[in-house]
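J.: Structure file data-v9.pdb, PDB, C-alpha atoms, is pasted below:
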```
ATOM      1  CA  MET A 141       0.000   0.000   0.000  1.00  0.00           C
ATOM      2  CA  ALA A 142       1.327   3.419  -0.940  1.00  0.00           C
ATOM      3  CA  ARG A 143       2.127   5.901   1.781  1.00  0.00           C
ATOM      4  CA  LYS A 144      -0.436   8.684   2.209  1.00  0.00           C
ATOM      5  CA  LEU A 145       0.709  12.227   1.476  1.00  0.00           C
ATOM      6  CA  VAL A 146       0.916  14.539   4.492  1.00  0.00           C
ATOM      7  CA  PRO A 147      -2.238  16.505   3.494  1.00  0.00           C
ATOM      8  CA  GLU A 148      -4.129  13.205   3.206  1.00  0.00           C
ATOM      9  CA  VAL A 149      -3.023  12.191   6.703  1.00  0.00           C
ATOM     10  CA  LEU A 150      -4.077  15.538   8.145  1.00  0.00           C
ATOM     11  CA  GLU A 151      -7.459  15.259   6.407  1.00  0.00           C
ATOM     12  CA  LEU A 152      -7.964  11.817   7.962  1.00  0.00           C
ATOM     13  CA  VAL A 153      -7.142  13.337  11.352  1.00  0.00           C
ATOM     14  CA  ARG A 154      -9.688  16.121  10.819  1.00  0.00           C
ATOM     15  CA  GLN A 155     -12.369  13.567   9.899  1.00  0.00           C
ATOM     16  CA  ALA A 156     -11.703  11.222  12.826  1.00  0.00           C
ATOM     17  CA  LYS A 157     -14.358  11.303  15.539  1.00  0.00           C
ATOM     18  CA  THR A 158     -12.352  10.760  18.724  1.00  0.00           C
ATOM     19  CA  LYS A 159      -9.099  12.157  19.986  1.00  0.00           C
ATOM     20  CA  GLN A 160      -7.722   8.629  20.339  1.00  0.00           C
ATOM     21  CA  GLU A 161      -8.465   7.926  16.651  1.00  0.00           C
ATOM     22  CA  LYS A 162      -6.717  11.151  15.673  1.00  0.00           C
ATOM     23  CA  VAL A 163      -3.638  10.296  17.745  1.00  0.00           C
ATOM     24  CA  GLU A 164      -3.547   6.802  16.274  1.00  0.00           C
ATOM     25  CA  ILE A 165      -3.718   8.166  12.699  1.00  0.00           C
ATOM     26  CA  LEU A 166      -0.804  10.513  13.404  1.00  0.00           C
ATOM     27  CA  LYS A 167       1.284   7.762  15.016  1.00  0.00           C
ATOM     28  CA  THR A 168       0.524   5.235  12.271  1.00  0.00           C
ATOM     29  CA  ASN A 169       1.522   7.711   9.552  1.00  0.00           C
ATOM     30  CA  SER A 170       4.512   9.142  11.383  1.00  0.00           C
ATOM     31  CA  HIS A 171       7.273  10.412   9.119  1.00  0.00           C
ATOM     32  CA  PRO A 172       9.870  13.171   9.559  1.00  0.00           C
ATOM     33  CA  ALA A 173       7.988  15.284   6.992  1.00  0.00           C
ATOM     34  CA  LEU A 174       4.728  15.050   8.957  1.00  0.00           C
ATOM     35  CA  ARG A 175       6.487  15.843  12.239  1.00  0.00           C
ATOM     36  CA  ASP A 176       8.291  18.793  10.610  1.00  0.00           C
ATOM     37  CA  ILE A 177       5.002  20.203   9.297  1.00  0.00           C
ATOM     38  CA  LEU A 178       3.432  19.935  12.754  1.00  0.00           C
ATOM     39  CA  ARG A 179       6.469  21.470  14.441  1.00  0.00           C
ATOM     40  CA  ILE A 180       6.500  24.401  12.001  1.00  0.00           C
ATOM     41  CA  GLN A 181       2.856  25.078  12.854  1.00  0.00           C
ATOM     42  CA  PHE A 182       3.097  24.853  16.630  1.00  0.00           C
ATOM     43  CA  ASP A 183       6.699  25.553  17.757  1.00  0.00           C
ATOM     44  CA  ALA A 184       7.562  29.187  18.486  1.00  0.00           C
ATOM     45  CA  ASP A 185      11.247  28.480  17.853  1.00  0.00           C
ATOM     46  CA  VAL A 186      10.506  27.764  14.176  1.00  0.00           C
ATOM     47  CA  ILE A 187      10.330  31.142  12.454  1.00  0.00           C
ATOM     48  CA  SER A 188       9.782  31.574   8.734  1.00  0.00           C
ATOM     49  CA  VAL A 189      12.222  33.811   6.872  1.00  0.00           C
ATOM     50  CA  LEU A 190       9.988  33.876   3.783  1.00  0.00           C
ATOM     51  CA  PRO A 191       7.457  36.575   2.943  1.00  0.00           C
ATOM     52  CA  GLU A 192       3.936  35.864   4.149  1.00  0.00           C
ATOM     53  CA  GLY A 193       1.436  34.415   1.700  1.00  0.00           C
ATOM     54  CA  ALA A 194       1.793  32.358  -1.436  1.00  0.00           C
ATOM     55  CA  PRO A 195       4.432  33.334  -3.984  1.00  0.00           C
ATOM     56  CA  PRO A 196       3.551  33.259  -7.673  1.00  0.00           C
ATOM     57  CA  TYR A 197       4.162  29.705  -8.880  1.00  0.00           C
ATOM     58  CA  GLU A 198       2.772  27.181 -11.337  1.00  0.00           C
ATOM     59  CA  LYS A 199       0.900  24.350  -9.665  1.00  0.00           C
ATOM     60  CA  ASP A 200       1.857  20.816 -10.643  1.00  0.00           C
ATOM     61  CA  ASP A 201      -0.921  19.132 -12.619  1.00  0.00           C
ATOM     62  CA  ALA A 202       0.128  15.532 -11.933  1.00  0.00           C
ATOM     63  CA  PRO A 203      -2.350  13.255 -10.145  1.00  0.00           C
ATOM     64  CA  VAL A 204      -1.908  12.580  -6.427  1.00  0.00           C
ATOM     65  CA  GLY A 205       1.240  10.549  -5.829  1.00  0.00           C
ATOM     66  CA  HIS A 206       2.694  11.190  -9.286  1.00  0.00           C
ATOM     67  CA  SER A 207       4.368  14.561  -8.784  1.00  0.00           C
ATOM     68  CA  SER A 208       8.098  14.789  -9.344  1.00  0.00           C
ATOM     69  CA  SER A 209       8.646  15.301  -5.622  1.00  0.00           C
ATOM     70  CA  SER A 210       6.818  15.439  -2.299  1.00  0.00           C
ATOM     71  CA  LEU A 211       7.145  16.660   1.264  1.00  0.00           C
ATOM     72  CA  PHE A 212       8.722  13.288   2.040  1.00  0.00           C
ATOM     73  CA  ARG A 213      11.755  14.312  -0.019  1.00  0.00           C
ATOM     74  CA  LEU A 214      11.639  18.080   0.270  1.00  0.00           C
ATOM     75  CA  HIS A 215      11.285  18.406   4.047  1.00  0.00           C
ATOM     76  CA  LYS A 216      15.087  18.353   4.174  1.00  0.00           C
ATOM     77  CA  ARG A 217      15.064  21.765   2.452  1.00  0.00           C
ATOM     78  CA  PHE A 218      13.059  23.367   5.269  1.00  0.00           C
ATOM     79  CA  LYS A 219      16.345  24.498   6.834  1.00  0.00           C
ATOM     80  CA  TYR A 220      16.535  27.141   4.081  1.00  0.00           C
ATOM     81  CA  PHE A 221      13.049  28.512   4.812  1.00  0.00           C
ATOM     82  CA  PHE A 222      13.156  28.900   8.588  1.00  0.00           C
ATOM     83  CA  LYS A 223      15.416  30.930  10.858  1.00  0.00           C
ATOM     84  CA  GLY A 224      18.702  29.233  11.638  1.00  0.00           C
ATOM     85  CA  PRO A 225      22.360  29.028  10.612  1.00  0.00           C
ATOM     86  CA  VAL A 226      21.652  27.610   7.134  1.00  0.00           C
ATOM     87  CA  ALA A 227      18.878  30.071   6.247  1.00  0.00           C
ATOM     88  CA  ASN A 228      20.997  32.989   7.447  1.00  0.00           C
ATOM     89  CA  GLN A 229      23.647  32.143   4.838  1.00  0.00           C
ATOM     90  CA  VAL A 230      21.237  32.118   1.886  1.00  0.00           C
ATOM     91  CA  LYS A 231      20.289  35.325   0.125  1.00  0.00           C
ATOM     92  CA  PRO A 232      16.545  36.073   0.158  1.00  0.00           C
ATOM     93  CA  ILE A 233      16.170  35.791  -3.628  1.00  0.00           C
ATOM     94  CA  LYS A 234      17.846  32.349  -3.632  1.00  0.00           C
ATOM     95  CA  ARG A 235      15.711  31.241  -0.657  1.00  0.00           C
ATOM     96  CA  GLU A 236      12.501  32.303  -2.403  1.00  0.00           C
ATOM     97  CA  SER A 237      13.634  30.582  -5.603  1.00  0.00           C
ATOM     98  CA  LEU A 238      14.227  27.327  -3.679  1.00  0.00           C
ATOM     99  CA  PHE A 239      10.786  27.664  -2.086  1.00  0.00           C
ATOM    100  CA  ILE A 240       9.055  28.215  -5.438  1.00  0.00           C
ATOM    101  CA  ASP A 241      10.940  25.246  -6.948  1.00  0.00           C
ATOM    102  CA  ALA A 242       9.735  23.085  -4.054  1.00  0.00           C
ATOM    103  CA  LEU A 243       6.139  24.256  -4.443  1.00  0.00           C
ATOM    104  CA  GLU A 244       6.153  23.617  -8.192  1.00  0.00           C
ATOM    105  CA  SER A 245       7.505  20.082  -7.818  1.00  0.00           C
ATOM    106  CA  MET A 246       4.866  18.869  -5.323  1.00  0.00           C
ATOM    107  CA  HIS A 247       1.196  18.042  -5.618  1.00  0.00           C
ATOM    108  CA  PRO A 248      -0.868  21.240  -5.096  1.00  0.00           C
ATOM    109  CA  SER A 249      -2.304  19.885  -1.839  1.00  0.00           C
ATOM    110  CA  GLU A 250       1.221  19.622  -0.420  1.00  0.00           C
ATOM    111  CA  SER A 251       2.186  23.053  -1.729  1.00  0.00           C
ATOM    112  CA  ASP A 252      -0.912  24.599  -0.160  1.00  0.00           C
ATOM    113  CA  LEU A 253      -0.176  22.843   3.128  1.00  0.00           C
ATOM    114  CA  LEU A 254       3.416  24.106   3.209  1.00  0.00           C
ATOM    115  CA  ILE A 255       2.238  27.666   2.593  1.00  0.00           C
ATOM    116  CA  GLU A 256      -0.399  27.324   5.341  1.00  0.00           C
ATOM    117  CA  VAL A 257       2.028  26.086   7.979  1.00  0.00           C
ATOM    118  CA  LYS A 258       4.699  28.574   6.970  1.00  0.00           C
ATOM    119  CA  ASP A 259       2.166  31.285   7.812  1.00  0.00           C
ATOM    120  CA  ARG A 260       0.828  29.269  10.813  1.00  0.00           C
ATOM    121  CA  LYS A 261      -2.676  29.003   9.389  1.00  0.00           C
ATOM    122  CA  LEU A 262      -3.252  25.261   9.603  1.00  0.00           C
ATOM    123  CA  LYS A 263      -6.772  24.480  10.774  1.00  0.00           C
ATOM    124  CA  GLY A 264      -8.306  21.416  12.402  1.00  0.00           C
ATOM    125  CA  ILE A 265      -5.213  20.187  14.255  1.00  0.00           C
ATOM    126  CA  THR A 266      -4.403  21.261  17.812  1.00  0.00           C
ATOM    127  CA  LYS A 267      -1.177  21.487  19.766  1.00  0.00           C
ATOM    128  CA  ALA A 268      -2.645  19.216  22.461  1.00  0.00           C
ATOM    129  CA  LEU A 269      -3.254  16.544  19.823  1.00  0.00           C
ATOM    130  CA  VAL A 270       0.307  16.861  18.520  1.00  0.00           C
ATOM    131  CA  ASP A 271       1.691  16.686  22.075  1.00  0.00           C
ATOM    132  CA  GLU A 272      -0.199  13.466  22.716  1.00  0.00           C
ATOM    133  CA  ALA A 273       0.846  11.852  19.423  1.00  0.00           C
ATOM    134  CA  PHE A 274       4.462  13.066  19.479  1.00  0.00           C
ATOM    135  CA  PRO A 275       5.530  14.018  23.023  1.00  0.00           C
ATOM    136  CA  GLY A 276       8.420  16.495  23.051  1.00  0.00           C
ATOM    137  CA  LEU A 277       8.057  17.481  19.387  1.00  0.00           C
ATOM    138  CA  VAL A 278       6.945  21.019  20.184  1.00  0.00           C
ATOM    139  CA  VAL A 279       9.523  22.554  22.516  1.00  0.00           C
ATOM    140  CA  LYS A 280       8.158  26.054  22.885  1.00  0.00           C
ATOM    141  CA  ALA A 281       4.503  26.536  22.024  1.00  0.00           C
ATOM    142  CA  TYR A 282       3.580  29.254  19.563  1.00  0.00           C
ATOM    143  CA  LYS A 283       0.703  31.421  20.694  1.00  0.00           C
ATOM    144  CA  GLN A 284      -1.512  32.786  17.973  1.00  0.00           C
ATOM    145  CA  PRO A 285      -1.822  36.562  18.222  1.00  0.00           C
ATOM    146  CA  ALA A 286      -5.198  37.666  19.467  1.00  0.00           C
ATOM    147  CA  ALA A 287      -7.567  38.793  16.751  1.00  0.00           C
ATOM    148  CA  LYS A 288      -7.655  42.547  16.480  1.00  0.00           C
ATOM    149  CA  LYS A 289     -10.937  43.987  17.585  1.00  0.00           C
ATOM    150  CA  ALA A 290     -12.484  46.614  15.399  1.00  0.00           C
ATOM    151  CA  THR A 291     -12.438  49.837  17.313  1.00  0.00           C
ATOM    152  CA  THR A 292     -14.787  52.623  16.619  1.00  0.00           C
ATOM    153  CA  LYS A 293     -14.129  56.097  17.829  1.00  0.00           C
ATOM    154  CA  LYS A 294     -17.037  58.177  18.840  1.00  0.00           C
ATOM    155  CA  LYS A 295     -16.978  61.633  17.408  1.00  0.00           C
ATOM    156  CA  GLU A 296     -16.726  64.244  20.054  1.00  0.00           C
ATOM    157  CA  LYS A 297     -19.177  67.076  19.758  1.00  0.00           C
TER     158      LYS A 297
END
```
Starting from the file, lay out its structure as structure tokens.

T.:
Amino acid sequence: MARKLVPEVLELVRQAKTKQEKVEILKTNSHPALRDILRIQFDADVISVLPEGAPPYEKDDAPVGHSSSSLFRLHKRFKYFFKGPVANQVKPIKRESLFIDALESMHPSESDLLIEVKDRKLKGITKALVDEAFPGLVVKAYKQPAAKKATTKKKEK
């Protein structure tokens, strides 16, 4: 049986009914790429050095599982995209070029997922769930900034 892509695993987790089922799905499909994606989303020590949002790139049109690459191979390049000694040595234009190359070589679902976690916008998976499935993976929890409340100023008369 072929290994499920990381977005497929996360979709199975979202669809599972109980927390125990979700944990079991994560453990059963454990791979360094999956753990890296989850750590990027939830660990405050992992800081993106890429601009926010999706860069302009051409999505791969190959069917699921037939793209030229995947997160399983490309997760080793994450060191160029997140703050650290390797990323600090790469010029921003080269870093962005590597990121676009990675996005273009993966299935669109994987590219979309990488962009989501880079910007910490992954939905349907919680830090508590990740902690239970992979204890010690998230060293320093990232706290989402509070949503800005719309303020209205009353006009003084």

J.: Might you spell out which residues the PyMOL selection byres ((chain A and resi 160-167) around 8) would select in the displayed file, as a VMD selection string?

T.: chain A and resid 149 to 150 152 to 154 156 to 159 168 to 170 269 to 270 272 to 274

J.: Applied to this file, what does the PyMOL selection byres ((chain A and resi 214) around 10) return in terms of residues, put as a short mmCIF file (atom, residue, chain, number, x, y, z; two decimals) with C-alpha atoms, in the coordinates of the input?

T.:
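What follows is the written file selection_39.cif:
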```cif
data_model
loop_
_atom_site.label_atom_id
_atom_site.label_comp_id
_atom_site.auth_asym_id
_atom_site.auth_seq_id
_atom_site.Cartn_x
_atom_site.Cartn_y
_atom_site.Cartn_z
CA ALA A 173 7.99 15.28 6.99
CA SER A 209 8.65 15.30 -5.62
CA SER A 210 6.82 15.44 -2.30
CA LEU A 211 7.14 16.66 1.26
CA PHE A 212 8.72 13.29 2.04
CA ARG A 213 11.76 14.31 -0.02
CA HIS A 215 11.28 18.41 4.05
CA LYS A 216 15.09 18.35 4.17
CA ARG A 217 15.06 21.76 2.45
CA PHE A 218 13.06 23.37 5.27
CA PHE A 239 10.79 27.66 -2.09
CA ALA A 242 9.74 23.08 -4.05
CA LEU A 243 6.14 24.26 -4.44
CA SER A 245 7.50 20.08 -7.82
CA MET A 246 4.87 18.87 -5.32
#
```

J.: Using the chain letters and numbering of this document, enumerate as a list in words the residues selected by the PyMOL selection byres ((chain A and resi 143) around 9).

T.: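 Selection result, ordered by chain and number: Met141, Ala142, Lys144, Leu145, Asn169 and Gly205 of chain A.
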
J.: Given all atoms listed in the file as the basis, pick out the residue of A:Pro248, A:Pro195, A:Ala268, A:Leu262 nearest to Glu236 in chain A.

T.: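 Ranked by minimum distance to Glu236 in chain A, first place goes to A:Pro195.
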
J.: Distance CA of Pro275 in chain A-CA of Phe221 in chain A, one decimal place?

T.: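 So the answer is 24.5 Å.
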
J.: Just checking: using all atoms listed in the file, which residue out of A:Ala202, A:Asp176, A:Gln155, A:Ile187 ends up closest to Tyr282 in chain A?

T.: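 Smallest distance to Tyr282 in chain A is found for A:Ile187.
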
J.: Using all atoms listed in the file, which residue out of A:Ile240, A:Val278, A:Val186, A:Ala227 lies closest to Lys258 in chain A?

T.: A:Val186

J.: What does the structure give for the distance between CA of Pro232 in chain A and CA of Ser188 in chain A, in Å to one decimal?

T.: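 That distance, rounded to one decimal, is 11.8 Å.
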
J.: Go through A:Asp185, A:Lys283, A:Leu238, A:Pro147 one by one, measure the shortest atom-to-atom distance of each to Thr266 in chain A using only C-alpha atoms, and give the residue with the smallest value.

T.: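 Looking at the shortest contact to Thr266 in chain A, the residue is A:Lys283.
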
J.: Could you check the closest approach to Ile233 in chain A for each of A:Arg260, A:Gly193, A:Tyr220, A:His171 and tell me which residue wins, using all atoms listed in the file?

T.: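 Of A:Arg260, A:Gly193, A:Tyr220, A:His171, the one nearest Ile233 in chain A, counting all atoms listed in the file, is A:Tyr220.
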
J.: Taking only C-alpha atoms into account, name the residue in A:Leu253, A:Val230, A:Ala194, A:Val146 that is nearest to Pro172 in chain A.

T.: A:Val146

J.: Kindly give the distance, in Å, that separates CA of Pro196 in chain A and CA of Lys219 in chain A, rounded to a single decimal.

T.: 21.2 Å

J.: Padding 6 Å on each side, edges along x, y and z: where is the centre of the box around the listed atoms of range 219-234 of chain A, and how long are its edges in Å to one decimal? Output it as AutoDock Vina command-line options.

T.:
```
--center_x 18.3 --center_y 30.3 --center_z 4.0 --size_x 22.6 --size_y 23.6 --size_z 27.3
```

J.: Just the residues within 8 Å of Asp201 in chain A, please, counting all atoms listed in the file, with nothing from its chain fewer than 2 positions along; format it as an MDAnalysis selection string.

T.: chainID A and resid 199 203 207 247:248

J.: Regenerate range 238-261 of chain A at the level of N, CA, C and O atoms and dump it as an mmCIF file, in the coordinates of the input.

T.:
```
data_model
loop_
_atom_site.group_PDB
_atom_site.id
_atom_site.type_symbol
_atom_site.label_atom_id
_atom_site.label_comp_id
_atom_site.auth_asym_id
_atom_site.auth_seq_id
_atom_site.Cartn_x
_atom_site.Cartn_y
_atom_site.Cartn_z
ATOM 1 N N LEU A 238 14.277 28.710 -4.164
ATOM 2 C CA LEU A 238 14.227 27.327 -3.679
ATOM 3 C C LEU A 238 12.807 26.957 -3.228
ATOM 4 O O LEU A 238 12.338 25.849 -3.468
ATOM 5 N N PHE A 239 12.145 27.895 -2.570
ATOM 6 C CA PHE A 239 10.786 27.664 -2.086
ATOM 7 C C PHE A 239 9.826 27.469 -3.260
ATOM 8 O O PHE A 239 9.028 26.527 -3.275
ATOM 9 N N ILE A 240 9.923 28.327 -4.254
ATOM 10 C CA ILE A 240 9.055 28.215 -5.438
ATOM 11 C C ILE A 240 9.332 26.900 -6.168
ATOM 12 O O ILE A 240 8.392 26.215 -6.584
ATOM 13 N N ASP A 241 10.604 26.528 -6.309
ATOM 14 C CA ASP A 241 10.940 25.246 -6.948
ATOM 15 C C ASP A 241 10.294 24.083 -6.194
ATOM 16 O O ASP A 241 9.775 23.152 -6.809
ATOM 17 N N ALA A 242 10.338 24.143 -4.868
ATOM 18 C CA ALA A 242 9.735 23.085 -4.054
ATOM 19 C C ALA A 242 8.223 23.042 -4.282
ATOM 20 O O ALA A 242 7.658 21.964 -4.492
ATOM 21 N N LEU A 243 7.594 24.195 -4.252
ATOM 22 C CA LEU A 243 6.139 24.256 -4.443
ATOM 23 C C LEU A 243 5.726 23.710 -5.809
ATOM 24 O O LEU A 243 4.726 23.002 -5.934
ATOM 25 N N GLU A 244 6.491 24.038 -6.828
ATOM 26 C CA GLU A 244 6.153 23.617 -8.192
ATOM 27 C C GLU A 244 6.376 22.129 -8.429
ATOM 28 O O GLU A 244 5.796 21.562 -9.348
ATOM 29 N N SER A 245 7.207 21.495 -7.602
ATOM 30 C CA SER A 245 7.505 20.082 -7.818
ATOM 31 C C SER A 245 6.589 19.140 -7.034
ATOM 32 O O SER A 245 6.633 17.936 -7.229
ATOM 33 N N MET A 246 5.754 19.690 -6.152
ATOM 34 C CA MET A 246 4.866 18.869 -5.323
ATOM 35 C C MET A 246 3.436 18.934 -5.826
ATOM 36 O O MET A 246 3.074 19.842 -6.568
ATOM 37 N N HIS A 247 2.627 17.996 -5.342
ATOM 38 C CA HIS A 247 1.196 18.042 -5.618
ATOM 39 C C HIS A 247 0.647 19.329 -5.001
ATOM 40 O O HIS A 247 1.106 19.749 -3.932
ATOM 41 N N PRO A 248 -0.335 19.986 -5.628
ATOM 42 C CA PRO A 248 -0.868 21.240 -5.096
ATOM 43 C C PRO A 248 -1.352 21.159 -3.642
ATOM 44 O O PRO A 248 -1.225 22.123 -2.897
ATOM 45 N N SER A 249 -1.855 20.008 -3.234
ATOM 46 C CA SER A 249 -2.304 19.885 -1.839
ATOM 47 C C SER A 249 -1.123 20.019 -0.877
ATOM 48 O O SER A 249 -1.245 20.616 0.200
ATOM 49 N N GLU A 250 0.030 19.500 -1.262
ATOM 50 C CA GLU A 250 1.221 19.622 -0.420
ATOM 51 C C GLU A 250 1.763 21.050 -0.449
ATOM 52 O O GLU A 250 2.184 21.576 0.586
ATOM 53 N N SER A 251 1.730 21.665 -1.618
ATOM 54 C CA SER A 251 2.186 23.053 -1.729
ATOM 55 C C SER A 251 1.317 23.968 -0.876
ATOM 56 O O SER A 251 1.838 24.813 -0.134
ATOM 57 N N ASP A 252 0.009 23.785 -0.957
ATOM 58 C CA ASP A 252 -0.912 24.599 -0.160
ATOM 59 C C ASP A 252 -0.675 24.392 1.331
ATOM 60 O O ASP A 252 -0.689 25.347 2.113
ATOM 61 N N LEU A 253 -0.441 23.149 1.720
ATOM 62 C CA LEU A 253 -0.176 22.843 3.128
ATOM 63 C C LEU A 253 1.094 23.530 3.605
ATOM 64 O O LEU A 253 1.121 24.132 4.691
ATOM 65 N N LEU A 254 2.152 23.472 2.817
ATOM 66 C CA LEU A 254 3.416 24.106 3.209
ATOM 67 C C LEU A 254 3.241 25.614 3.373
ATOM 68 O O LEU A 254 3.757 26.208 4.321
ATOM 69 N N ILE A 255 2.495 26.228 2.493
ATOM 70 C CA ILE A 255 2.238 27.666 2.593
ATOM 71 C C ILE A 255 1.419 27.963 3.857
ATOM 72 O O ILE A 255 1.716 28.915 4.580
ATOM 73 N N GLU A 256 0.419 27.134 4.134
ATOM 74 C CA GLU A 256 -0.399 27.324 5.341
ATOM 75 C C GLU A 256 0.433 27.255 6.615
ATOM 76 O O GLU A 256 0.303 28.108 7.484
ATOM 77 N N VAL A 257 1.260 26.224 6.733
ATOM 78 C CA VAL A 257 2.028 26.086 7.979
ATOM 79 C C VAL A 257 3.132 27.124 8.079
ATOM 80 O O VAL A 257 3.461 27.564 9.185
ATOM 81 N N LYS A 258 3.679 27.516 6.951
ATOM 82 C CA LYS A 258 4.699 28.574 6.970
ATOM 83 C C LYS A 258 4.118 29.839 7.593
ATOM 84 O O LYS A 258 4.782 30.528 8.368
ATOM 85 N N ASP A 259 2.852 30.098 7.277
ATOM 86 C CA ASP A 259 2.166 31.285 7.812
ATOM 87 C C ASP A 259 1.374 30.972 9.086
ATOM 88 O O ASP A 259 0.628 31.819 9.576
ATOM 89 N N ARG A 260 1.514 29.741 9.588
ATOM 90 C CA ARG A 260 0.828 29.269 10.813
ATOM 91 C C ARG A 260 -0.687 29.405 10.703
ATOM 92 O O ARG A 260 -1.341 29.923 11.593
ATOM 93 N N LYS A 261 -1.232 28.907 9.624
ATOM 94 C CA LYS A 261 -2.676 29.003 9.389
ATOM 95 C C LYS A 261 -3.335 27.643 9.211
ATOM 96 O O LYS A 261 -4.412 27.541 8.644
#
```
